[in-house]
$ cat input-v7.cif   # mmCIF, N, CA and C atoms and all ligand atoms
data_protein
#
loop_
_atom_site.label_atom_id
_atom_site.label_comp_id
_atom_site.auth_asym_id
_atom_site.auth_seq_id
_atom_site.Cartn_x
_atom_site.Cartn_y
_atom_site.Cartn_z
N MET A 228 122.61 87.23 121.45
CA MET A 228 121.79 86.77 122.59
C MET A 228 120.91 85.61 122.17
N LYS A 229 121.10 84.49 122.82
CA LYS A 229 120.40 83.27 122.41
C LYS A 229 120.06 82.49 123.68
N GLN A 230 118.91 81.85 123.68
CA GLN A 230 118.54 81.01 124.83
C GLN A 230 118.48 79.56 124.35
N ASP A 231 119.21 78.69 125.03
CA ASP A 231 119.41 77.32 124.55
C ASP A 231 118.13 76.52 124.31
N ASP A 232 117.14 76.70 125.20
CA ASP A 232 115.94 75.87 125.08
C ASP A 232 114.81 76.57 124.30
N CYS A 233 115.17 77.61 123.53
CA CYS A 233 114.14 78.40 122.84
C CYS A 233 114.02 77.95 121.38
N ILE A 234 112.82 77.56 121.00
CA ILE A 234 112.57 77.04 119.65
C ILE A 234 112.82 78.12 118.58
N PHE A 235 112.47 79.38 118.88
CA PHE A 235 112.67 80.43 117.88
C PHE A 235 114.16 80.80 117.76
N CYS A 236 114.91 80.71 118.85
CA CYS A 236 116.37 80.90 118.75
C CYS A 236 116.96 79.82 117.84
N LYS A 237 116.44 78.60 117.94
CA LYS A 237 116.93 77.50 117.10
C LYS A 237 116.56 77.74 115.64
N ILE A 238 115.38 78.28 115.40
CA ILE A 238 114.97 78.61 114.01
C ILE A 238 115.87 79.70 113.45
N VAL A 239 116.10 80.74 114.26
CA VAL A 239 116.98 81.84 113.83
C VAL A 239 118.38 81.32 113.50
N ALA A 240 118.86 80.36 114.30
CA ALA A 240 120.20 79.81 114.09
C ALA A 240 120.24 78.79 112.96
N GLY A 241 119.08 78.45 112.41
CA GLY A 241 119.02 77.46 111.33
C GLY A 241 119.10 76.02 111.82
N GLU A 242 118.98 75.83 113.13
CA GLU A 242 119.03 74.46 113.69
C GLU A 242 117.70 73.74 113.50
N ILE A 243 116.62 74.50 113.38
CA ILE A 243 115.30 73.95 113.04
C ILE A 243 114.88 74.62 111.73
N PRO A 244 114.45 73.83 110.75
CA PRO A 244 114.10 74.44 109.46
C PRO A 244 112.83 75.27 109.52
N SER A 245 112.75 76.26 108.66
CA SER A 245 111.54 77.09 108.57
C SER A 245 111.41 77.60 107.14
N GLN A 246 110.21 77.96 106.78
CA GLN A 246 109.98 78.60 105.48
C GLN A 246 110.19 80.09 105.68
N THR A 247 111.33 80.57 105.20
CA THR A 247 111.72 81.96 105.46
C THR A 247 111.24 82.88 104.34
N LEU A 248 110.54 83.96 104.74
CA LEU A 248 110.03 84.93 103.76
C LEU A 248 110.97 86.12 103.61
N TYR A 249 111.71 86.39 104.69
CA TYR A 249 112.58 87.59 104.70
C TYR A 249 113.60 87.43 105.80
N GLU A 250 114.78 87.97 105.56
CA GLU A 250 115.82 87.93 106.61
C GLU A 250 116.76 89.12 106.45
N ASP A 251 117.13 89.74 107.56
CA ASP A 251 118.21 90.73 107.54
C ASP A 251 119.05 90.51 108.79
N GLU A 252 119.92 91.45 109.13
CA GLU A 252 120.82 91.19 110.26
C GLU A 252 120.09 91.14 111.61
N LYS A 253 118.90 91.75 111.68
CA LYS A 253 118.19 91.81 112.97
C LYS A 253 116.95 90.92 113.07
N PHE A 254 116.33 90.62 111.92
CA PHE A 254 115.04 89.91 111.94
C PHE A 254 114.97 88.76 110.95
N LYS A 255 114.08 87.83 111.26
CA LYS A 255 113.74 86.77 110.33
C LYS A 255 112.21 86.70 110.28
N VAL A 256 111.65 86.54 109.09
CA VAL A 256 110.20 86.38 108.96
C VAL A 256 109.94 85.00 108.38
N ILE A 257 109.13 84.20 109.10
CA ILE A 257 108.90 82.81 108.69
C ILE A 257 107.41 82.52 108.63
N LEU A 258 107.05 81.48 107.89
CA LEU A 258 105.65 81.03 107.91
C LEU A 258 105.39 80.28 109.22
N ASP A 259 104.23 80.53 109.80
CA ASP A 259 103.80 79.81 111.02
C ASP A 259 103.43 78.38 110.65
N VAL A 260 103.89 77.40 111.46
CA VAL A 260 103.56 75.99 111.16
C VAL A 260 102.10 75.64 111.48
N GLY A 261 101.47 76.48 112.28
CA GLY A 261 100.04 76.24 112.59
C GLY A 261 99.23 77.45 112.19
N PRO A 262 99.14 77.71 110.89
CA PRO A 262 98.58 79.00 110.43
C PRO A 262 97.08 79.16 110.71
N ALA A 263 96.71 80.37 111.13
CA ALA A 263 95.30 80.71 111.32
C ALA A 263 94.64 80.91 109.96
N THR A 264 95.40 81.42 109.01
CA THR A 264 94.91 81.61 107.63
C THR A 264 96.08 81.33 106.68
N ARG A 265 95.78 81.32 105.39
CA ARG A 265 96.81 81.08 104.38
C ARG A 265 97.83 82.23 104.38
N GLY A 266 99.08 81.90 104.66
CA GLY A 266 100.13 82.92 104.63
C GLY A 266 100.50 83.47 106.01
N HIS A 267 99.84 83.00 107.06
CA HIS A 267 100.14 83.44 108.44
C HIS A 267 101.65 83.32 108.69
N ALA A 268 102.25 84.45 109.06
CA ALA A 268 103.71 84.49 109.23
C ALA A 268 104.08 85.10 110.57
N LEU A 269 105.34 84.97 110.94
CA LEU A 269 105.84 85.48 112.22
C LEU A 269 107.10 86.31 111.98
N ILE A 270 107.16 87.47 112.61
CA ILE A 270 108.40 88.26 112.62
C ILE A 270 109.16 87.91 113.89
N LEU A 271 110.39 87.46 113.75
CA LEU A 271 111.22 87.13 114.91
C LEU A 271 112.46 88.02 114.93
N PRO A 272 112.73 88.70 116.05
CA PRO A 272 114.05 89.34 116.16
C PRO A 272 115.09 88.24 116.35
N LYS A 273 116.28 88.44 115.83
CA LYS A 273 117.30 87.40 115.95
C LYS A 273 117.82 87.27 117.38
N ASN A 274 117.81 88.37 118.13
CA ASN A 274 118.17 88.30 119.55
C ASN A 274 116.99 87.80 120.36
N HIS A 275 117.28 87.11 121.45
CA HIS A 275 116.22 86.58 122.30
C HIS A 275 115.72 87.62 123.30
N TYR A 276 114.47 88.00 123.16
CA TYR A 276 113.76 88.78 124.19
C TYR A 276 112.45 88.04 124.41
N ALA A 277 112.07 87.85 125.66
CA ALA A 277 110.90 87.01 125.96
C ALA A 277 109.61 87.63 125.42
N ASN A 278 109.53 88.95 125.42
CA ASN A 278 108.26 89.61 125.09
C ASN A 278 108.51 91.09 124.83
N LEU A 279 107.42 91.82 124.59
CA LEU A 279 107.54 93.25 124.27
C LEU A 279 108.04 94.07 125.45
N TYR A 280 107.80 93.58 126.68
CA TYR A 280 108.33 94.28 127.86
C TYR A 280 109.86 94.33 127.78
N GLU A 281 110.45 93.25 127.30
CA GLU A 281 111.92 93.13 127.27
C GLU A 281 112.54 93.71 126.01
N LEU A 282 111.79 93.73 124.92
CA LEU A 282 112.34 94.19 123.64
C LEU A 282 112.70 95.67 123.71
N PRO A 283 113.93 96.05 123.33
CA PRO A 283 114.27 97.47 123.33
C PRO A 283 113.34 98.27 122.40
N GLU A 284 113.06 99.51 122.79
CA GLU A 284 112.13 100.36 122.02
C GLU A 284 112.53 100.49 120.55
N GLU A 285 113.81 100.63 120.33
CA GLU A 285 114.32 100.79 118.97
C GLU A 285 113.97 99.57 118.11
N ASP A 286 114.13 98.39 118.69
CA ASP A 286 113.82 97.15 117.97
C ASP A 286 112.32 97.03 117.73
N ALA A 287 111.54 97.51 118.70
CA ALA A 287 110.08 97.48 118.55
C ALA A 287 109.66 98.35 117.37
N ALA A 288 110.29 99.50 117.25
CA ALA A 288 109.98 100.41 116.14
C ALA A 288 110.35 99.76 114.81
N GLU A 289 111.51 99.12 114.78
CA GLU A 289 111.94 98.45 113.54
C GLU A 289 111.04 97.28 113.19
N ALA A 290 110.60 96.55 114.20
CA ALA A 290 109.70 95.40 113.97
C ALA A 290 108.39 95.89 113.34
N MET A 291 107.88 97.02 113.83
CA MET A 291 106.63 97.54 113.27
C MET A 291 106.80 98.04 111.84
N LYS A 292 107.95 98.65 111.57
CA LYS A 292 108.23 99.07 110.18
C LYS A 292 108.28 97.86 109.26
N LEU A 293 108.93 96.81 109.73
CA LEU A 293 109.03 95.58 108.94
C LEU A 293 107.64 94.97 108.74
N ALA A 294 106.83 95.00 109.80
CA ALA A 294 105.46 94.46 109.70
C ALA A 294 104.69 95.18 108.60
N LYS A 295 104.85 96.48 108.52
CA LYS A 295 104.15 97.25 107.48
C LYS A 295 104.62 96.84 106.09
N ARG A 296 105.93 96.73 105.93
CA ARG A 296 106.48 96.33 104.62
C ARG A 296 106.01 94.93 104.23
N MET A 297 106.05 94.00 105.17
CA MET A 297 105.62 92.62 104.89
C MET A 297 104.13 92.59 104.57
N MET A 298 103.34 93.36 105.32
CA MET A 298 101.90 93.40 105.10
C MET A 298 101.58 93.85 103.67
N ILE A 299 102.27 94.87 103.21
CA ILE A 299 102.03 95.39 101.86
C ILE A 299 102.40 94.33 100.82
N LYS A 300 103.58 93.72 101.00
CA LYS A 300 104.03 92.72 100.03
C LYS A 300 103.11 91.48 100.04
N MET A 301 102.76 91.00 101.22
CA MET A 301 101.94 89.79 101.32
C MET A 301 100.53 90.04 100.79
N THR A 302 100.01 91.24 101.01
CA THR A 302 98.67 91.57 100.50
C THR A 302 98.67 91.52 98.97
N GLU A 303 99.74 92.06 98.40
CA GLU A 303 99.89 92.08 96.94
C GLU A 303 100.01 90.65 96.40
N LYS A 304 100.87 89.86 97.02
CA LYS A 304 101.17 88.52 96.49
C LYS A 304 100.06 87.51 96.78
N LEU A 305 99.44 87.61 97.96
CA LEU A 305 98.42 86.62 98.34
C LEU A 305 97.02 87.07 97.97
N ASN A 306 96.92 88.35 97.62
CA ASN A 306 95.63 88.90 97.25
C ASN A 306 94.60 88.76 98.38
N CYS A 307 95.05 89.03 99.61
CA CYS A 307 94.12 88.94 100.75
C CYS A 307 93.30 90.23 100.84
N ASP A 308 92.26 90.18 101.67
CA ASP A 308 91.31 91.30 101.71
C ASP A 308 91.51 92.23 102.90
N GLY A 309 92.34 91.80 103.85
CA GLY A 309 92.61 92.58 105.05
C GLY A 309 93.76 91.94 105.80
N PHE A 310 94.08 92.46 106.96
CA PHE A 310 95.28 91.98 107.64
C PHE A 310 95.19 92.23 109.14
N ASN A 311 95.58 91.26 109.96
CA ASN A 311 95.75 91.48 111.40
C ASN A 311 97.22 91.37 111.77
N ILE A 312 97.66 92.29 112.62
CA ILE A 312 98.97 92.18 113.26
C ILE A 312 98.66 91.85 114.72
N VAL A 313 99.16 90.72 115.20
CA VAL A 313 98.86 90.28 116.57
C VAL A 313 100.16 90.05 117.31
N GLN A 314 100.16 90.39 118.58
CA GLN A 314 101.40 90.22 119.36
C GLN A 314 101.01 89.91 120.80
N ASN A 315 101.29 88.69 121.26
CA ASN A 315 100.86 88.23 122.58
C ASN A 315 102.00 88.33 123.60
N ASN A 316 101.68 88.77 124.80
CA ASN A 316 102.67 88.88 125.89
C ASN A 316 102.15 88.19 127.13
N GLY A 317 102.77 87.09 127.51
CA GLY A 317 102.36 86.36 128.71
C GLY A 317 101.37 85.26 128.38
N GLU A 318 101.43 84.21 129.21
CA GLU A 318 100.58 83.03 129.01
C GLU A 318 99.11 83.41 128.98
N VAL A 319 98.72 84.30 129.90
CA VAL A 319 97.31 84.68 130.01
C VAL A 319 96.83 85.41 128.74
N ALA A 320 97.77 85.99 128.01
CA ALA A 320 97.44 86.69 126.78
C ALA A 320 97.57 85.79 125.55
N GLY A 321 97.83 84.51 125.80
CA GLY A 321 97.88 83.57 124.69
C GLY A 321 99.27 83.28 124.16
N GLN A 322 100.30 83.82 124.83
CA GLN A 322 101.67 83.56 124.34
C GLN A 322 102.07 82.13 124.68
N THR A 323 102.59 81.42 123.69
CA THR A 323 103.03 80.03 123.91
C THR A 323 104.52 79.85 123.66
N VAL A 324 105.10 80.74 122.86
CA VAL A 324 106.56 80.70 122.64
C VAL A 324 107.13 82.00 123.21
N PHE A 325 108.04 81.85 124.18
CA PHE A 325 108.47 83.02 124.94
C PHE A 325 109.76 83.64 124.39
N HIS A 326 109.67 83.90 123.09
CA HIS A 326 110.67 84.68 122.33
C HIS A 326 109.80 85.66 121.55
N PHE A 327 109.99 86.96 121.77
CA PHE A 327 109.11 87.98 121.16
C PHE A 327 108.84 87.65 119.69
N HIS A 328 107.61 87.79 119.28
CA HIS A 328 107.26 87.66 117.86
C HIS A 328 105.99 88.42 117.56
N MET A 329 105.85 88.80 116.31
CA MET A 329 104.61 89.44 115.84
C MET A 329 103.98 88.52 114.80
N HIS A 330 102.68 88.31 114.95
CA HIS A 330 101.95 87.51 113.96
C HIS A 330 101.50 88.42 112.82
N LEU A 331 101.75 87.98 111.61
CA LEU A 331 101.23 88.66 110.41
C LEU A 331 100.15 87.74 109.84
N ILE A 332 98.90 88.16 109.96
CA ILE A 332 97.80 87.26 109.59
C ILE A 332 96.97 87.85 108.45
N PRO A 333 97.18 87.33 107.24
CA PRO A 333 96.36 87.79 106.11
C PRO A 333 94.91 87.37 106.35
N ARG A 334 93.98 88.23 106.01
CA ARG A 334 92.57 87.92 106.19
C ARG A 334 91.86 87.87 104.85
N TYR A 335 90.92 86.95 104.74
CA TYR A 335 90.19 86.71 103.51
C TYR A 335 88.70 86.78 103.82
N LYS A 336 87.93 87.28 102.87
CA LYS A 336 86.48 87.31 103.06
C LYS A 336 86.00 85.92 103.46
N ASN A 337 85.15 85.86 104.48
CA ASN A 337 84.57 84.59 104.95
C ASN A 337 85.58 83.60 105.51
N ASP A 338 86.69 84.10 106.08
CA ASP A 338 87.65 83.15 106.67
C ASP A 338 87.32 82.83 108.13
N GLY A 339 86.21 83.34 108.61
CA GLY A 339 85.74 82.99 109.96
C GLY A 339 86.18 84.00 111.00
N GLU A 340 85.71 83.79 112.24
CA GLU A 340 86.03 84.71 113.33
C GLU A 340 87.29 84.24 114.02
N ILE A 341 88.40 84.75 113.60
CA ILE A 341 89.69 84.26 114.11
C ILE A 341 90.08 84.96 115.41
N LEU A 342 89.77 86.23 115.52
CA LEU A 342 90.23 87.02 116.67
C LEU A 342 89.07 87.80 117.27
N LYS A 343 88.06 87.07 117.75
CA LYS A 343 86.85 87.76 118.21
C LYS A 343 86.85 87.90 119.73
N TYR A 344 86.48 89.09 120.24
CA TYR A 344 86.24 89.21 121.68
C TYR A 344 84.88 89.85 121.89
N VAL A 345 84.34 89.62 123.09
CA VAL A 345 83.03 90.19 123.40
C VAL A 345 83.25 91.57 124.02
N ALA A 346 82.65 92.60 123.45
CA ALA A 346 82.82 93.96 123.94
C ALA A 346 82.11 94.13 125.28
N GLY A 347 82.82 94.68 126.29
CA GLY A 347 82.20 94.97 127.58
C GLY A 347 81.31 96.21 127.49
N GLU A 348 80.63 96.50 128.62
CA GLU A 348 79.75 97.68 128.62
C GLU A 348 79.99 98.51 129.88
N PRO A 349 81.19 99.04 130.08
CA PRO A 349 81.48 99.82 131.29
C PRO A 349 80.72 101.15 131.28
N ASP A 350 80.38 101.65 132.51
CA ASP A 350 79.79 102.99 132.53
C ASP A 350 80.91 104.03 132.58
N GLN A 351 80.54 105.31 132.48
CA GLN A 351 81.54 106.38 132.40
C GLN A 351 82.41 106.44 133.66
N GLU A 352 81.80 106.13 134.82
CA GLU A 352 82.53 106.19 136.09
C GLU A 352 83.67 105.16 136.09
N GLU A 353 83.37 103.97 135.63
CA GLU A 353 84.38 102.92 135.58
C GLU A 353 85.51 103.30 134.61
N LEU A 354 85.14 103.84 133.47
CA LEU A 354 86.17 104.27 132.51
C LEU A 354 87.05 105.36 133.12
N ALA A 355 86.43 106.29 133.86
CA ALA A 355 87.17 107.39 134.49
C ALA A 355 88.14 106.84 135.54
N GLN A 356 87.68 105.84 136.31
CA GLN A 356 88.54 105.21 137.33
C GLN A 356 89.77 104.56 136.70
N ILE A 357 89.54 103.88 135.62
CA ILE A 357 90.65 103.19 134.92
C ILE A 357 91.63 104.22 134.37
N ARG A 358 91.07 105.28 133.78
CA ARG A 358 91.95 106.35 133.28
C ARG A 358 92.84 106.88 134.39
N LYS A 359 92.23 107.10 135.60
CA LYS A 359 92.99 107.60 136.75
C LYS A 359 94.11 106.64 137.14
N MET A 360 93.77 105.34 137.18
CA MET A 360 94.76 104.32 137.56
C MET A 360 95.96 104.36 136.63
N ILE A 361 95.69 104.55 135.35
CA ILE A 361 96.78 104.48 134.36
C ILE A 361 97.58 105.77 134.29
N THR A 362 96.90 106.89 134.46
CA THR A 362 97.58 108.16 134.17
C THR A 362 98.12 108.85 135.43
N GLU A 363 97.64 108.46 136.63
CA GLU A 363 98.09 109.19 137.84
C GLU A 363 99.13 108.41 138.65
P1 LIG A 401 102.08 82.70 120.39
O1 LIG A 401 100.90 81.86 120.81
O2 LIG A 401 103.25 82.51 121.33
O3 LIG A 401 101.74 84.13 120.17
O4 LIG A 401 102.48 82.14 118.97
C1 LIG A 401 103.40 81.11 118.75
C2 LIG A 401 103.24 80.68 117.31
O5 LIG A 401 104.40 79.95 116.92
C3 LIG A 401 102.04 79.76 117.05
O6 LIG A 401 101.19 80.36 116.09
C4 LIG A 401 102.67 78.47 116.54
O7 LIG A 401 101.93 77.86 115.52
C5 LIG A 401 104.03 78.93 116.06
N1 LIG A 401 105.08 77.93 116.16
C6 LIG A 401 105.37 77.14 117.24
N2 LIG A 401 106.41 76.33 116.96
C7 LIG A 401 106.81 76.63 115.69
C8 LIG A 401 107.86 76.13 114.86
O8 LIG A 401 108.63 75.24 115.22
N3 LIG A 401 107.98 76.68 113.62
C9 LIG A 401 107.12 77.67 113.18
N4 LIG A 401 107.33 78.14 111.94
N5 LIG A 401 106.13 78.17 113.95
C10 LIG A 401 105.97 77.65 115.19
ZN ZN A 402 114.72 82.74 121.72
#
$ encode --input "input-v7.cif" --output "structure tokens" --more "lines below"
Ligand code: 5GP
Ligand code: ZN
Amino acid sequence: MKQDDCIFCKIVAGEIPSQTLYEDEKFKVILDVGPATRGHALILPKNHYANLYELPEEDAAEAMKLAKRMMIKMTEKLNCDGFNIVQNNGEVAGQTVFHFHMHLIPRYKNDGEILKYVAGEPDQEELAQIRKMITE
């Protein structure tokens, strides 16, 4: 499964060069060209799925297993102090390339506020309403 105008499909096919950290029959892990920190990498499934909504559950499970393995190896090799796994779905959520991917972002002491959000202050009633919306 490949989409002609997709940059990550072209990377997977080797039509666009990338710094590859890992590859198997289902996934490729590459360095991000616009890294948030040193070693920022991306897990790409070789098949084209636009986002996590489209990715089959089985592949999602495998992607997370691979993320864990890569995180352990990269932490050891890069000597980072922590790690973020980030995965954006939809333009409003910050997705810019519409081929599912997971960001592997090594974190270092004093590397700045890369993924900061402001915590809301909902009351219990609002939280209860949201719970109802999701679960009923
Ligand atoms: P998103 O914002 O969709 O979650 O993340 C897309 C990521 O892909 C960005 O971090 C961006 O730097 C990276 N990216 C975009 N084009 C290329 C490319 O041609 N090669 C590589 N290695 N990364 C890319
Ligand atoms: Zn693609």
$ closest_residue --input "input-v7.cif" --among "A:Ala355, A:Ile332, A:Ala240, A:Ile361" --to "Thr264 in chain A" --atoms "all atoms listed in the file"
A:Ile332
$ atom_distance --input "input-v7.cif" --atom1 "CA of Pro349 in chain A" --atom2 "CA of Gln322 in chain A"
26.8 Å
$ closest_residue --input "input-v7.cif" --among "A:Gly241, A:Gly261, A:Pro272, A:Gly266" --to "ligand ZN 402 (chain A)" --atoms "only N, CA and C atoms and all ligand atoms"
A:Pro272
$ residues_near_ligand --input "input-v7.cif" --ligand "ligand LIG 401 (chain A)" --cutoff "6 Å" --atoms "all atoms listed in the file" --output "list in words"
Ser245, Gln246, Ile257, Leu258, Asp259, Val260, Gly261, Pro262, Gln314, Asn315, Gly321, Gln322, Thr323, Val324 and Phe325 of chain A
$ atom_distance --input "input-v7.cif" --atom1 "atom C of Gly317 in chain A" --atom2 "atom N of Glu281 in chain A"
12.1 Å
$ closest_atom_pairs --input "input-v7.cif" --of "chain A" --to "ligand ZN 402 (chain A)" --cutoff "6 Å" --atoms "only N, CA and C atoms and all ligand atoms" --output "tab-separated table"
residue	atom	partner	partner_atom	distance
A:Lys229	C	A:ZN402	ZN	5.7
A:Gln230	N	A:ZN402	ZN	4.7
A:Cys233	CA	A:ZN402	ZN	4.5
A:Ile234	N	A:ZN402	ZN	5.6
A:Phe235	C	A:ZN402	ZN	4.4
A:Cys236	N	A:ZN402	ZN	3.5
A:Lys237	N	A:ZN402	ZN	5.9
A:Asn274	C	A:ZN402	ZN	5.7
A:His275	CA	A:ZN402	ZN	4.2
A:Tyr276	N	A:ZN402	ZN	5.5
A:Phe325	C	A:ZN402	ZN	5.7
A:His326	CA	A:ZN402	ZN	4.5
$ atom_distance --input "input-v7.cif" --atom1 "CA of Asp231 in chain A" --atom2 "atom N of Ile243 in chain A"
11.9 Å
$ select_by_dssp --input "input-v7.cif" --residues "chain A" --states "strand (DSSP E)" --output "JSON, numbers by chain"
{"A": [247, 248, 249, 250, 254, 255, 256, 257, 258, 268, 269, 270, 271, 272, 309, 310, 311, 312, 313, 329, 330, 331, 332, 333, 334]}
$ write_last_selection --input "input-v7.cif" --atoms "N, CA and C atoms" --output "mmCIF file, keeping the file's coordinate frame"
data_model
loop_
_atom_site.group_PDB
_atom_site.id
_atom_site.type_symbol
_atom_site.label_atom_id
_atom_site.label_comp_id
_atom_site.auth_asym_id
_atom_site.auth_seq_id
_atom_site.Cartn_x
_atom_site.Cartn_y
_atom_site.Cartn_z
ATOM 1 N N THR A 247 111.330 80.570 105.200
ATOM 2 C CA THR A 247 111.720 81.960 105.460
ATOM 3 C C THR A 247 111.240 82.880 104.340
ATOM 4 N N LEU A 248 110.540 83.960 104.740
ATOM 5 C CA LEU A 248 110.030 84.930 103.760
ATOM 6 C C LEU A 248 110.970 86.120 103.610
ATOM 7 N N TYR A 249 111.710 86.390 104.690
ATOM 8 C CA TYR A 249 112.580 87.590 104.700
ATOM 9 C C TYR A 249 113.600 87.430 105.800
ATOM 10 N N GLU A 250 114.780 87.970 105.560
ATOM 11 C CA GLU A 250 115.820 87.930 106.610
ATOM 12 C C GLU A 250 116.760 89.120 106.450
ATOM 13 N N PHE A 254 116.330 90.620 111.920
ATOM 14 C CA PHE A 254 115.040 89.910 111.940
ATOM 15 C C PHE A 254 114.970 88.760 110.950
ATOM 16 N N LYS A 255 114.080 87.830 111.260
ATOM 17 C CA LYS A 255 113.740 86.770 110.330
ATOM 18 C C LYS A 255 112.210 86.700 110.280
ATOM 19 N N VAL A 256 111.650 86.540 109.090
ATOM 20 C CA VAL A 256 110.200 86.380 108.960
ATOM 21 C C VAL A 256 109.940 85.000 108.380
ATOM 22 N N ILE A 257 109.130 84.200 109.100
ATOM 23 C CA ILE A 257 108.900 82.810 108.690
ATOM 24 C C ILE A 257 107.410 82.520 108.630
ATOM 25 N N LEU A 258 107.050 81.480 107.890
ATOM 26 C CA LEU A 258 105.650 81.030 107.910
ATOM 27 C C LEU A 258 105.390 80.280 109.220
ATOM 28 N N ALA A 268 102.250 84.450 109.060
ATOM 29 C CA ALA A 268 103.710 84.490 109.230
ATOM 30 C C ALA A 268 104.080 85.100 110.570
ATOM 31 N N LEU A 269 105.340 84.970 110.940
ATOM 32 C CA LEU A 269 105.840 85.480 112.220
ATOM 33 C C LEU A 269 107.100 86.310 111.980
ATOM 34 N N ILE A 270 107.160 87.470 112.610
ATOM 35 C CA ILE A 270 108.400 88.260 112.620
ATOM 36 C C ILE A 270 109.160 87.910 113.890
ATOM 37 N N LEU A 271 110.390 87.460 113.750
ATOM 38 C CA LEU A 271 111.220 87.130 114.910
ATOM 39 C C LEU A 271 112.460 88.020 114.930
ATOM 40 N N PRO A 272 112.730 88.700 116.050
ATOM 41 C CA PRO A 272 114.050 89.340 116.160
ATOM 42 C C PRO A 272 115.090 88.240 116.350
ATOM 43 N N GLY A 309 92.340 91.800 103.850
ATOM 44 C CA GLY A 309 92.610 92.580 105.050
ATOM 45 C C GLY A 309 93.760 91.940 105.800
ATOM 46 N N PHE A 310 94.080 92.460 106.960
ATOM 47 C CA PHE A 310 95.280 91.980 107.640
ATOM 48 C C PHE A 310 95.190 92.230 109.140
ATOM 49 N N ASN A 311 95.580 91.260 109.960
ATOM 50 C CA ASN A 311 95.750 91.480 111.400
ATOM 51 C C ASN A 311 97.220 91.370 111.770
ATOM 52 N N ILE A 312 97.660 92.290 112.620
ATOM 53 C CA ILE A 312 98.970 92.180 113.260
ATOM 54 C C ILE A 312 98.660 91.850 114.720
ATOM 55 N N VAL A 313 99.160 90.720 115.200
ATOM 56 C CA VAL A 313 98.860 90.280 116.570
ATOM 57 C C VAL A 313 100.160 90.050 117.310
ATOM 58 N N MET A 329 105.850 88.800 116.310
ATOM 59 C CA MET A 329 104.610 89.440 115.840
ATOM 60 C C MET A 329 103.980 88.520 114.800
ATOM 61 N N HIS A 330 102.680 88.310 114.950
ATOM 62 C CA HIS A 330 101.950 87.510 113.960
ATOM 63 C C HIS A 330 101.500 88.420 112.820
ATOM 64 N N LEU A 331 101.750 87.980 111.610
ATOM 65 C CA LEU A 331 101.230 88.660 110.410
ATOM 66 C C LEU A 331 100.150 87.740 109.840
ATOM 67 N N ILE A 332 98.900 88.160 109.960
ATOM 68 C CA ILE A 332 97.800 87.260 109.590
ATOM 69 C C ILE A 332 96.970 87.850 108.450
ATOM 70 N N PRO A 333 97.180 87.330 107.240
ATOM 71 C CA PRO A 333 96.360 87.790 106.110
ATOM 72 C C PRO A 333 94.910 87.370 106.350
ATOM 73 N N ARG A 334 93.980 88.230 106.010
ATOM 74 C CA ARG A 334 92.570 87.920 106.190
ATOM 75 C C ARG A 334 91.860 87.870 104.850
#
$ select_by_dssp --input "input-v7.cif" --residues "range 280-321 of chain A" --states "helix (DSSP H, G or I)" --output "list in words"
Glu284, Glu285, Asp286, Ala287, Ala288, Glu289, Ala290, Met291, Lys292, Leu293, Ala294, Lys295, Arg296, Met297, Met298, Ile299, Lys300, Met301, Thr302, Glu303, Lys304, Leu305, Glu318, Val319 and Ala320 of chain A
$ closest_residue --input "input-v7.cif" --among "A:Glu284, A:His330, A:Asn278, A:Asp338" --to "Cys307 in chain A" --atoms "only C-alpha atoms"
A:Asp338
$ residues_around --input "input-v7.cif" --residues "Gly309 in chain A" --least-positions-apart "2" --cutoff "7 Å" --atoms "only N, CA and C atoms" --output "JSON, numbers by chain"
{"A": [306, 307, 311, 332, 333, 334, 335, 336]}
$ axis_aligned_box --input "input-v7.cif" --around "range 247-256 of chain A" --padding-each-side "5 Å" --output "AutoDock Vina command-line options"
--center_x 115.4 --center_y 86.2 --center_z 108.3 --size_x 20.9 --size_y 21.2 --size_z 19.5
$ closest_residue --input "input-v7.cif" --among "A:Lys304, A:Lys253, A:Lys359, A:His328" --to "Leu271 in chain A" --atoms "only C-alpha atoms"
A:His328
$ build_atoms --input "input-v7.cif" --residues "range 291-296 of chain A" --atoms "N, CA, C and O atoms" --output "compact mmCIF listing (two decimals), keeping the file's coordinate frame"
# COMPACT_ATOMS: atom_id res chain seq x y z
N MET A 291 107.88 97.02 113.83
CA MET A 291 106.63 97.54 113.27
C MET A 291 106.80 98.04 111.84
O MET A 291 105.93 97.85 111.00
N LYS A 292 107.95 98.65 111.57
CA LYS A 292 108.23 99.07 110.18
C LYS A 292 108.28 97.86 109.26
O LYS A 292 107.75 97.89 108.15
N LEU A 293 108.93 96.81 109.73
CA LEU A 293 109.03 95.58 108.94
C LEU A 293 107.64 94.97 108.74
O LEU A 293 107.31 94.48 107.66
N ALA A 294 106.83 95.00 109.80
CA ALA A 294 105.46 94.46 109.70
C ALA A 294 104.69 95.18 108.60
O ALA A 294 103.98 94.55 107.80
N LYS A 295 104.85 96.48 108.52
CA LYS A 295 104.15 97.25 107.48
C LYS A 295 104.62 96.84 106.09
O LYS A 295 103.81 96.61 105.19
N ARG A 296 105.93 96.73 105.93
CA ARG A 296 106.48 96.33 104.62
C ARG A 296 106.01 94.93 104.23
O ARG A 296 105.60 94.70 103.09
